[in-house]
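Shown below: model37.pdb, with PDB, C-alpha atoms.
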```
ATOM      1  CA  MET A   1     -27.633  18.740  14.401
ATOM      2  CA  SER A   2     -25.104  20.355  12.067
ATOM      3  CA  ALA A   3     -23.766  22.417  14.975
ATOM      4  CA  VAL A   4     -23.182  19.240  16.974
ATOM      5  CA  ARG A   5     -21.418  17.490  14.107
ATOM      6  CA  SER A   6     -19.328  20.447  13.022
ATOM      7  CA  PRO A   7     -16.551  20.150  15.647
ATOM      8  CA  ARG A   8     -16.199  16.412  15.025
ATOM      9  CA  TYR A   9     -16.177  16.933  11.266
ATOM     10  CA  SER A  10     -13.555  19.645  11.618
ATOM     11  CA  ALA A  11     -11.421  17.342  13.759
ATOM     12  CA  VAL A  12     -11.620  14.578  11.145
ATOM     13  CA  VAL A  13     -10.663  16.983   8.360
ATOM     14  CA  ALA A  14      -7.754  18.303  10.426
ATOM     15  CA  PHE A  15      -6.602  14.750  11.176
ATOM     16  CA  LEU A  16      -6.594  13.881   7.467
ATOM     17  CA  ARG A  17      -4.980  17.115   6.350
ATOM     18  CA  CYS A  18      -2.157  16.958   8.887
ATOM     19  CA  ARG A  19      -1.201  13.600   7.419
ATOM     20  CA  GLY A  20      -1.390  14.875   3.869
ATOM     21  CA  LEU A  21      -4.039  12.425   2.698
ATOM     22  CA  PRO A  22      -5.708  14.861   0.255
ATOM     23  CA  ARG A  23      -2.294  15.600  -1.259
ATOM     24  CA  ALA A  24      -1.469  11.899  -1.616
ATOM     25  CA  ALA A  25      -4.900  10.875  -2.889
ATOM     26  CA  GLY A  26      -4.491  12.992  -6.031
ATOM     27  CA  PRO A  27      -1.395  11.185  -7.418
ATOM     28  CA  ALA A  28      -2.821   7.831  -6.364
ATOM     29  CA  LEU A  29      -6.013   8.563  -8.298
ATOM     30  CA  LEU A  30      -4.019   9.609 -11.367
ATOM     31  CA  VAL A  31      -2.123   6.320 -11.271
ATOM     32  CA  ALA A  32      -5.429   4.457 -10.918
ATOM     33  CA  LEU A  33      -6.916   6.295 -13.893
ATOM     34  CA  ALA A  34      -3.840   5.489 -15.975
ATOM     35  CA  ALA A  35      -4.127   1.836 -14.957
ATOM     36  CA  THR A  36      -7.790   1.934 -15.948
ATOM     37  CA  ALA A  37      -6.929   3.397 -19.347
ATOM     38  CA  PHE A  38      -4.409   0.602 -19.932
ATOM     39  CA  ALA A  39      -6.439  -2.123 -18.266
ATOM     40  CA  GLY A  40      -6.089  -4.394 -21.272
ATOM     41  CA  GLN A  41      -2.306  -4.176 -21.367
ATOM     42  CA  ARG A  42       0.118  -6.648 -19.815
ATOM     43  CA  VAL A  43       3.628  -6.201 -18.455
ATOM     44  CA  ALA A  44       6.321  -8.695 -19.452
ATOM     45  CA  LEU A  45       8.654  -9.619 -16.600
ATOM     46  CA  PRO A  46      12.377  -9.473 -17.497
ATOM     47  CA  GLN A  47      13.381 -12.689 -15.774
ATOM     48  CA  PHE A  48      17.136 -13.089 -15.447
ATOM     49  CA  ARG A  49      17.537 -16.765 -14.629
ATOM     50  CA  TYR A  50      15.303 -18.462 -17.192
ATOM     51  CA  LEU A  51      14.060 -17.838 -20.687
ATOM     52  CA  VAL A  52      10.375 -17.576 -19.883
ATOM     53  CA  ASP A  53       7.434 -15.712 -21.348
ATOM     54  CA  PHE A  54       5.599 -14.530 -18.245
ATOM     55  CA  ASN A  55       3.504 -11.386 -18.070
ATOM     56  CA  VAL A  56       0.914  -9.885 -15.769
ATOM     57  CA  PRO A  57      -1.865  -7.326 -16.297
ATOM     58  CA  VAL A  58      -1.008  -3.698 -15.582
ATOM     59  CA  ALA A  59      -3.766  -3.620 -12.972
ATOM     60  CA  GLU A  60      -1.889  -6.199 -10.885
ATOM     61  CA  VAL A  61       1.339  -4.187 -10.878
ATOM     62  CA  VAL A  62       0.156  -0.653 -10.045
ATOM     63  CA  PRO A  63      -1.077  -1.532  -6.510
ATOM     64  CA  LEU A  64       2.572  -1.153  -5.539
ATOM     65  CA  ALA A  65       2.286   2.557  -6.374
ATOM     66  CA  TYR A  66      -0.947   2.992  -4.389
ATOM     67  CA  ALA A  67       0.630   1.360  -1.351
ATOM     68  CA  VAL A  68       3.760   3.515  -1.419
ATOM     69  CA  ILE A  69       1.888   6.774  -2.027
ATOM     70  CA  LEU A  70      -0.697   6.180   0.702
ATOM     71  CA  ALA A  71       1.886   4.988   3.229
ATOM     72  CA  THR A  72       3.556   8.387   3.099
ATOM     73  CA  THR A  73       0.496   9.748   4.933
ATOM     74  CA  LEU A  74       1.255   7.766   8.085
ATOM     75  CA  PHE A  75       3.498  10.521   9.435
ATOM     76  CA  SER A  76       1.971  13.202  11.613
ATOM     77  CA  PRO A  77       3.835  16.500  12.111
ATOM     78  CA  MET A  78       1.885  16.813  15.374
ATOM     79  CA  ALA A  79       3.057  13.478  16.806
ATOM     80  CA  ASP A  80       4.238  15.071  20.060
ATOM     81  CA  LEU A  81       0.835  16.641  20.652
ATOM     82  CA  GLU A  82      -0.936  13.393  19.799
ATOM     83  CA  ARG A  83       1.067  11.572  22.468
ATOM     84  CA  THR A  84      -0.324  13.958  25.095
ATOM     85  CA  SER A  85      -3.874  13.912  23.747
ATOM     86  CA  ALA A  86      -6.673  13.377  26.244
ATOM     87  CA  GLN A  87      -8.197  10.807  23.895
ATOM     88  CA  PRO A  88      -6.320   7.591  23.022
ATOM     89  CA  MET A  89      -4.877   8.016  19.533
ATOM     90  CA  ARG A  90      -4.443   4.314  18.836
ATOM     91  CA  ARG A  91      -8.130   4.004  18.054
ATOM     92  CA  HIS A  92      -8.025   6.961  15.673
ATOM     93  CA  ARG A  93      -4.931   5.608  13.952
ATOM     94  CA  ALA A  94      -6.565   2.188  13.599
ATOM     95  CA  VAL A  95      -9.648   3.729  11.998
ATOM     96  CA  TYR A  96      -7.414   5.765   9.713
ATOM     97  CA  LEU A  97      -5.516   2.648   8.621
ATOM     98  CA  GLY A  98      -8.809   0.949   7.841
ATOM     99  CA  GLY A  99      -9.781   3.957   5.751
ATOM    100  CA  LEU A 100      -6.486   3.781   3.860
ATOM    101  CA  LEU A 101      -7.160   0.147   3.079
ATOM    102  CA  VAL A 102     -10.649   0.919   1.771
ATOM    103  CA  LEU A 103      -9.248   3.716  -0.405
ATOM    104  CA  ALA A 104      -6.485   1.452  -1.759
ATOM    105  CA  LEU A 105      -8.994  -1.289  -2.562
ATOM    106  CA  ALA A 106     -11.277   1.204  -4.306
ATOM    107  CA  LEU A 107      -8.382   2.407  -6.460
ATOM    108  CA  SER A 108      -7.482  -1.183  -7.313
ATOM    109  CA  ALA A 109     -11.053  -1.846  -8.429
ATOM    110  CA  LEU A 110     -11.196   1.059 -10.911
ATOM    111  CA  PRO A 111      -9.897  -1.048 -13.862
ATOM    112  CA  LEU A 112     -13.168  -2.965 -13.617
ATOM    113  CA  LEU A 113     -14.741   0.045 -15.323
ATOM    114  CA  ALA A 114     -12.542  -0.597 -18.358
ATOM    115  CA  GLY A 115     -13.375  -4.272 -18.592
ATOM    116  CA  ALA A 116     -10.782  -5.859 -16.310
ATOM    117  CA  THR A 117     -11.812  -9.368 -15.296
ATOM    118  CA  ARG A 118     -12.852 -10.396 -11.817
ATOM    119  CA  GLU A 119      -9.706 -12.502 -11.459
ATOM    120  CA  VAL A 120      -7.463  -9.542 -12.279
ATOM    121  CA  THR A 121      -9.359  -7.320  -9.845
ATOM    122  CA  VAL A 122      -9.103  -9.862  -7.025
ATOM    123  CA  ALA A 123      -5.370 -10.281  -7.650
ATOM    124  CA  ALA A 124      -4.926  -6.498  -7.691
ATOM    125  CA  ALA A 125      -6.806  -6.192  -4.393
ATOM    126  CA  ARG A 126      -4.629  -8.898  -2.846
ATOM    127  CA  ASN A 127      -1.488  -7.159  -4.058
ATOM    128  CA  VAL A 128      -2.466  -3.765  -2.697
ATOM    129  CA  VAL A 129      -3.251  -5.335   0.681
ATOM    130  CA  GLY A 130       0.147  -7.013   0.852
ATOM    131  CA  TYR A 131       2.176  -4.094  -0.442
ATOM    132  CA  LEU A 132       0.343  -1.637   1.805
ATOM    133  CA  GLY A 133       1.268  -3.856   4.736
ATOM    134  CA  LEU A 134       4.925  -3.825   3.675
ATOM    135  CA  ALA A 135       4.788  -0.054   3.201
ATOM    136  CA  MET A 136       3.366   0.456   6.685
ATOM    137  CA  ILE A 137       6.098  -1.709   8.185
ATOM    138  CA  SER A 138       8.689   0.236   6.211
ATOM    139  CA  ALA A 139       7.237   3.572   7.349
ATOM    140  CA  ARG A 140       7.335   2.409  10.953
ATOM    141  CA  LEU A 141      10.929   1.154  10.784
ATOM    142  CA  PHE A 142      12.569   3.691   8.483
ATOM    143  CA  GLY A 143      10.236   6.688   8.339
ATOM    144  CA  SER A 144       7.357   7.626   6.062
ATOM    145  CA  GLY A 145       9.754   9.047   3.481
ATOM    146  CA  LEU A 146      11.129   5.532   3.041
ATOM    147  CA  ALA A 147       7.771   3.769   2.911
ATOM    148  CA  TRP A 148       8.807   2.500  -0.533
ATOM    149  CA  LEU A 149      11.841   0.596   0.763
ATOM    150  CA  LEU A 150      10.300  -2.765   1.715
ATOM    151  CA  PRO A 151       7.679  -2.843  -1.087
ATOM    152  CA  LEU A 152      10.332  -2.217  -3.740
ATOM    153  CA  GLY A 153      12.688  -4.558  -1.916
ATOM    154  CA  MET A 154      10.057  -7.254  -2.459
ATOM    155  CA  PHE A 155       8.976  -6.207  -5.940
ATOM    156  CA  GLY A 156      12.514  -6.063  -7.364
ATOM    157  CA  PRO A 157      13.355  -9.750  -6.818
ATOM    158  CA  THR A 158       9.822 -10.682  -7.835
ATOM    159  CA  LEU A 159      10.239  -8.823 -11.100
ATOM    160  CA  LEU A 160      13.664 -10.288 -11.884
ATOM    161  CA  ILE A 161      13.701 -13.823 -10.464
ATOM    162  CA  GLY A 162      10.120 -14.506  -9.415
ATOM    163  CA  VAL A 163       9.290 -17.007 -12.170
ATOM    164  CA  ARG A 164      10.463 -20.617 -12.395
ATOM    165  CA  SER A 165      11.749 -22.358 -15.498
ATOM    166  CA  ASP A 166       8.324 -23.935 -16.089
ATOM    167  CA  ASN A 167       6.810 -20.433 -16.477
ATOM    168  CA  THR A 168       5.050 -20.470 -13.093
ATOM    169  CA  PRO A 169       5.606 -18.066 -10.179
ATOM    170  CA  GLN A 170       8.009 -18.933  -7.396
ATOM    171  CA  PRO A 171       6.202 -19.848  -4.151
ATOM    172  CA  TRP A 172       7.538 -16.701  -2.443
ATOM    173  CA  ALA A 173       6.519 -14.392  -5.339
ATOM    174  CA  TRP A 174       3.003 -14.022  -3.951
ATOM    175  CA  SER A 175       2.069 -10.963  -6.037
ATOM    176  CA  LEU A 176       2.459 -12.979  -9.271
ATOM    177  CA  HIS A 177       0.190 -15.824  -8.223
ATOM    178  CA  PRO A 178      -3.312 -16.082  -9.668
ATOM    179  CA  ALA A 179      -6.295 -14.784  -7.730
ATOM    180  CA  SER A 180      -7.234 -18.340  -6.739
ATOM    181  CA  ALA A 181      -3.958 -18.885  -4.814
ATOM    182  CA  THR A 182      -4.991 -19.123  -1.164
ATOM    183  CA  SER A 183      -1.447 -19.034   0.194
ATOM    184  CA  ALA A 184      -0.735 -15.734  -1.573
ATOM    185  CA  ALA A 185      -3.914 -14.185  -0.166
ATOM    186  CA  VAL A 186      -3.112 -15.386   3.356
ATOM    187  CA  LEU A 187       0.399 -13.947   3.135
ATOM    188  CA  ALA A 188      -0.901 -10.596   1.854
ATOM    189  CA  VAL A 189      -3.409 -10.346   4.704
ATOM    190  CA  ALA A 190      -0.721 -11.311   7.233
ATOM    191  CA  LEU A 191       1.542  -8.549   5.894
ATOM    192  CA  TRP A 192      -1.256  -6.003   6.201
ATOM    193  CA  LEU A 193      -2.090  -7.052   9.749
ATOM    194  CA  ALA A 194       1.564  -6.824  10.753
ATOM    195  CA  GLY A 195       1.855  -3.410   9.135
ATOM    196  CA  ALA A 196      -1.364  -2.161  10.705
ATOM    197  CA  CYS A 197      -0.216  -3.281  14.170
ATOM    198  CA  ALA A 198       3.133  -1.552  13.663
ATOM    199  CA  ALA A 199       1.522   1.665  12.451
ATOM    200  CA  ALA A 200      -1.351   1.766  14.949
ATOM    201  CA  THR A 201       0.662   0.995  18.072
ATOM    202  CA  GLY A 202       3.791   2.933  17.154
ATOM    203  CA  HIS A 203       4.506   6.395  15.874
ATOM    204  CA  PRO A 204       5.372   6.320  12.169
ATOM    205  CA  ARG A 205       7.738   9.188  11.485
ATOM    206  CA  GLN A 206       9.461  11.029   8.718
ATOM    207  CA  THR A 207      13.002  10.175   7.694
ATOM    208  CA  GLU A 208      15.786  11.382   9.940
ATOM    209  CA  ARG A 209      16.886  13.963   7.368
ATOM    210  CA  ALA A 210      13.411  15.471   7.264
ATOM    211  CA  GLU A 211      13.267  15.556  11.055
ATOM    212  CA  GLN A 212      16.628  17.357  11.285
ATOM    213  CA  ASN A 213      15.458  19.996   8.827
TER     214      ASN A 213
END
```
Let's see the structure in the file written out as structure tokens.
Amino acid sequence: MSAVRSPRYSAVVAFLRCRGLPRAAGPALLVALAATAFAGQRVALPQFRYLVDFNVPVAEVVPLAYAVILATTLFSPMADLERTSAQPMRRHRAVYLGGLLVLALALSALPLLAGATREVTVAAARNVVGYLGLAMISARLFGSGLAWLLPLGMFGPTLLIGVRSDNTPQPWAWSLHPASATSAAVLAVALWLAGACAAATGHPRQTERAEQN
């Protein structure tokens, strides 16, 4: 039985290693452990337009880091060989994207070990789903080295102008909404589905500079 499974296991390991998942999982885990250690802390948002006192738990902010780090693994240095593979690679890429999502959700749930509430954990899971979707879209459009572009492009305005004068999140600032906000969850899932379609059906690449080198 082990002899039969060995080639398949080796292929899976090679698939993961060529995308650098083990290398990316280490920093992502360190960020998750730091978030777990500071699970009780909150981050004050420096809103520019209004004098408000709005803050969010650390655990709801760090999913941005998980999404960006894991999205860098979408690039394959063997993309040309994969295009000529006898087996369809779309299925393998789709399974891989599902695995990335599971890993990101697991990292987001670690603060539970330090006493984070269910509401915080649900909001963190929603945020990592949405930001991972944005990161996958960014990796597809601009290259895996710029997977951070769209997530930070969304997080920046959210951080600076995402709260209204009545101390509530703007409708578009979905990552600041409470866990019970259905519209924010729907938007996060829609972003992930769009990103997964872009990554699974296309060929996420490195940045042009990396390709030229």
Of A:Thr72, A:Gln170, A:Gln41, A:Asn127, the one nearest to Leu149 (chain A) when counting all atoms listed in the file is A:Thr72
Pro22 (chain A) proximity check over A:Ser108, A:Thr73, A:Thr182, A:Ser138, using all atoms listed in the file: winner is A:Thr73
In terms of all atoms listed in the file, the residue from A:Leu107, A:Val189, A:Cys197, A:Ile161 at minimal distance from Val31 (chain A) is A:Leu107
Could you list the residues chosen by the PyMOL selection byres ((chain A and resi 128) around 8) in this structure as a compact mmCIF listing (two decimals) with C-alpha atoms, keeping the file's coordinate frame?
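Saved as expr.txt:
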```txt
# COMPACT_ATOMS: atom_id res chain seq x y z
CA PRO A 63 -1.08 -1.53 -6.51
CA LEU A 64 2.57 -1.15 -5.54
CA TYR A 66 -0.95 2.99 -4.39
CA ALA A 67 0.63 1.36 -1.35
CA ALA A 104 -6.48 1.45 -1.76
CA LEU A 105 -8.99 -1.29 -2.56
CA SER A 108 -7.48 -1.18 -7.31
CA ALA A 124 -4.93 -6.50 -7.69
CA ALA A 125 -6.81 -6.19 -4.39
CA ARG A 126 -4.63 -8.90 -2.85
CA ASN A 127 -1.49 -7.16 -4.06
CA VAL A 129 -3.25 -5.34 0.68
CA GLY A 130 0.15 -7.01 0.85
CA TYR A 131 2.18 -4.09 -0.44
CA LEU A 132 0.34 -1.64 1.80
```
*Between CA of Phe155 (chain A) and CA of Ser175 (chain A), what is the distance, to one decimal in Å?*
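Distance between the two atoms: 8.4 Å.
When you apply the PyMOL selection byres ((chain A and resi 168) around 12) to this structure, what comes back is Leu45, Gln47, Tyr50, Val52, Asp53, Phe54, Asn55, Val56, Ile161, Gly162, Val163, Arg164, Ser165, Asp166, Asn167, Pro169, Gln170, Pro171, Trp172, Ala173, Trp174, Leu176, His177 and Pro178 of chain A.
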Quiz item: So what do you get for CA of Ala116 (chain A) versus CA of Leu29 (chain A), distance-wise?
Solution: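 Distance between the two atoms: 17.2 Å.
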Quick one: of A:Val102, A:Ala37, A:Leu70, A:Leu187, who's nearest to Ala147 (chain A), counting all atoms listed in the file?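 Selected residue with least distance to Ala147 (chain A): A:Leu70.
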request  = Using all atoms listed in the file, find all polymer residues with an atom at most 6 Å away from the point (5.0, 1.4, 11.1); report them as a list in words.
outcome  =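 All residues meeting the 6 Å criterion around (5.0, 1.4, 11.1) are Met136, Ile137, Ala139, Arg140, Leu141, Ala198, Ala199 and Pro204 of chain A.
Shortest atom-to-atom contact with Gly99 (chain A) among A:Val43, A:Leu21, A:Ala59, A:Trp148: A:Leu21, counting all atoms listed in the file.
CA of Val68 (chain A) is positioned 19.8 Å from CA of Ala184 (chain A).
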Selected residue of minimal separation from Ala39 (chain A) among A:Ala135, A:Ala106, A:Leu113, A:Ala65, counting only C-alpha atoms |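 Nearest candidate to Ala39 (chain A) out of A:Ala135, A:Ala106, A:Leu113, A:Ala65: A:Leu113.
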Using 5 Å of padding on each side, determine the axis-aligned box around all atoms of region 103-118 of chain A present in the file and give its centre and edge lengths in Å to one decimal, as JSON.
```
{"center_x": -10.6, "center_y": -3.3, "center_z": -9.5, "size_x": 18.3, "size_y": 24.1, "size_z": 28.2}
```
At the level of N, CA, C and O atoms, write region 178-191 of chain A to a file as a PDB file, in the first residue's frame, please.
```pdb
ATOM      1  N   PRO A 178     -19.205  43.971  12.226  1.00  0.00           N
ATOM      2  CA  PRO A 178     -19.263  42.874  13.198  1.00  0.00           C
ATOM      3  C   PRO A 178     -19.513  41.536  12.519  1.00  0.00           C
ATOM      4  O   PRO A 178     -19.922  41.473  11.348  1.00  0.00           O
ATOM      5  N   ALA A 179     -19.279  40.473  13.252  1.00  0.00           N
ATOM      6  CA  ALA A 179     -19.424  39.125  12.685  1.00  0.00           C
ATOM      7  C   ALA A 179     -20.839  38.848  12.223  1.00  0.00           C
ATOM      8  O   ALA A 179     -21.056  38.015  11.337  1.00  0.00           O
ATOM      9  N   SER A 180     -21.822  39.537  12.783  1.00  0.00           N
ATOM     10  CA  SER A 180     -23.221  39.292  12.444  1.00  0.00           C
ATOM     11  C   SER A 180     -23.649  39.972  11.141  1.00  0.00           C
ATOM     12  O   SER A 180     -24.775  39.769  10.693  1.00  0.00           O
ATOM     13  N   ALA A 181     -22.769  40.775  10.530  1.00  0.00           N
ATOM     14  CA  ALA A 181     -23.128  41.516   9.318  1.00  0.00           C
ATOM     15  C   ALA A 181     -23.143  40.578   8.116  1.00  0.00           C
ATOM     16  O   ALA A 181     -22.094  40.156   7.625  1.00  0.00           O
ATOM     17  N   THR A 182     -24.344  40.268   7.629  1.00  0.00           N
ATOM     18  CA  THR A 182     -24.477  39.331   6.516  1.00  0.00           C
ATOM     19  C   THR A 182     -23.881  39.885   5.232  1.00  0.00           C
ATOM     20  O   THR A 182     -23.232  39.165   4.466  1.00  0.00           O
ATOM     21  N   SER A 183     -24.087  41.170   4.982  1.00  0.00           N
ATOM     22  CA  SER A 183     -23.590  41.761   3.738  1.00  0.00           C
ATOM     23  C   SER A 183     -22.068  41.681   3.656  1.00  0.00           C
ATOM     24  O   SER A 183     -21.504  41.427   2.583  1.00  0.00           O
ATOM     25  N   ALA A 184     -21.387  41.884   4.774  1.00  0.00           N
ATOM     26  CA  ALA A 184     -19.928  41.798   4.790  1.00  0.00           C
ATOM     27  C   ALA A 184     -19.464  40.377   4.506  1.00  0.00           C
ATOM     28  O   ALA A 184     -18.495  40.157   3.767  1.00  0.00           O
ATOM     29  N   ALA A 185     -20.157  39.388   5.067  1.00  0.00           N
ATOM     30  CA  ALA A 185     -19.800  37.994   4.822  1.00  0.00           C
ATOM     31  C   ALA A 185     -20.028  37.610   3.367  1.00  0.00           C
ATOM     32  O   ALA A 185     -19.205  36.925   2.747  1.00  0.00           O
ATOM     33  N   VAL A 186     -21.134  38.072   2.796  1.00  0.00           N
ATOM     34  CA  VAL A 186     -21.438  37.766   1.393  1.00  0.00           C
ATOM     35  C   VAL A 186     -20.373  38.376   0.479  1.00  0.00           C
ATOM     36  O   VAL A 186     -19.899  37.742  -0.468  1.00  0.00           O
ATOM     37  N   LEU A 187     -19.978  39.608   0.770  1.00  0.00           N
ATOM     38  CA  LEU A 187     -18.963  40.268  -0.045  1.00  0.00           C
ATOM     39  C   LEU A 187     -17.624  39.548   0.066  1.00  0.00           C
ATOM     40  O   LEU A 187     -16.917  39.363  -0.946  1.00  0.00           O
ATOM     41  N   ALA A 188     -17.247  39.118   1.265  1.00  0.00           N
ATOM     42  CA  ALA A 188     -15.990  38.404   1.452  1.00  0.00           C
ATOM     43  C   ALA A 188     -15.979  37.092   0.673  1.00  0.00           C
ATOM     44  O   ALA A 188     -14.993  36.759   0.007  1.00  0.00           O
ATOM     45  N   VAL A 189     -17.084  36.358   0.729  1.00  0.00           N
ATOM     46  CA  VAL A 189     -17.172  35.100  -0.018  1.00  0.00           C
ATOM     47  C   VAL A 189     -17.126  35.360  -1.523  1.00  0.00           C
ATOM     48  O   VAL A 189     -16.471  34.621  -2.276  1.00  0.00           O
ATOM     49  N   ALA A 190     -17.796  36.417  -1.974  1.00  0.00           N
ATOM     50  CA  ALA A 190     -17.783  36.754  -3.400  1.00  0.00           C
ATOM     51  C   ALA A 190     -16.363  37.095  -3.860  1.00  0.00           C
ATOM     52  O   ALA A 190     -15.946  36.697  -4.959  1.00  0.00           O
ATOM     53  N   LEU A 191     -15.611  37.813  -3.028  1.00  0.00           N
ATOM     54  CA  LEU A 191     -14.229  38.136  -3.376  1.00  0.00           C
ATOM     55  C   LEU A 191     -13.386  36.868  -3.473  1.00  0.00           C
ATOM     56  O   LEU A 191     -12.555  36.718  -4.386  1.00  0.00           O
TER      57      LEU A 191
END
```
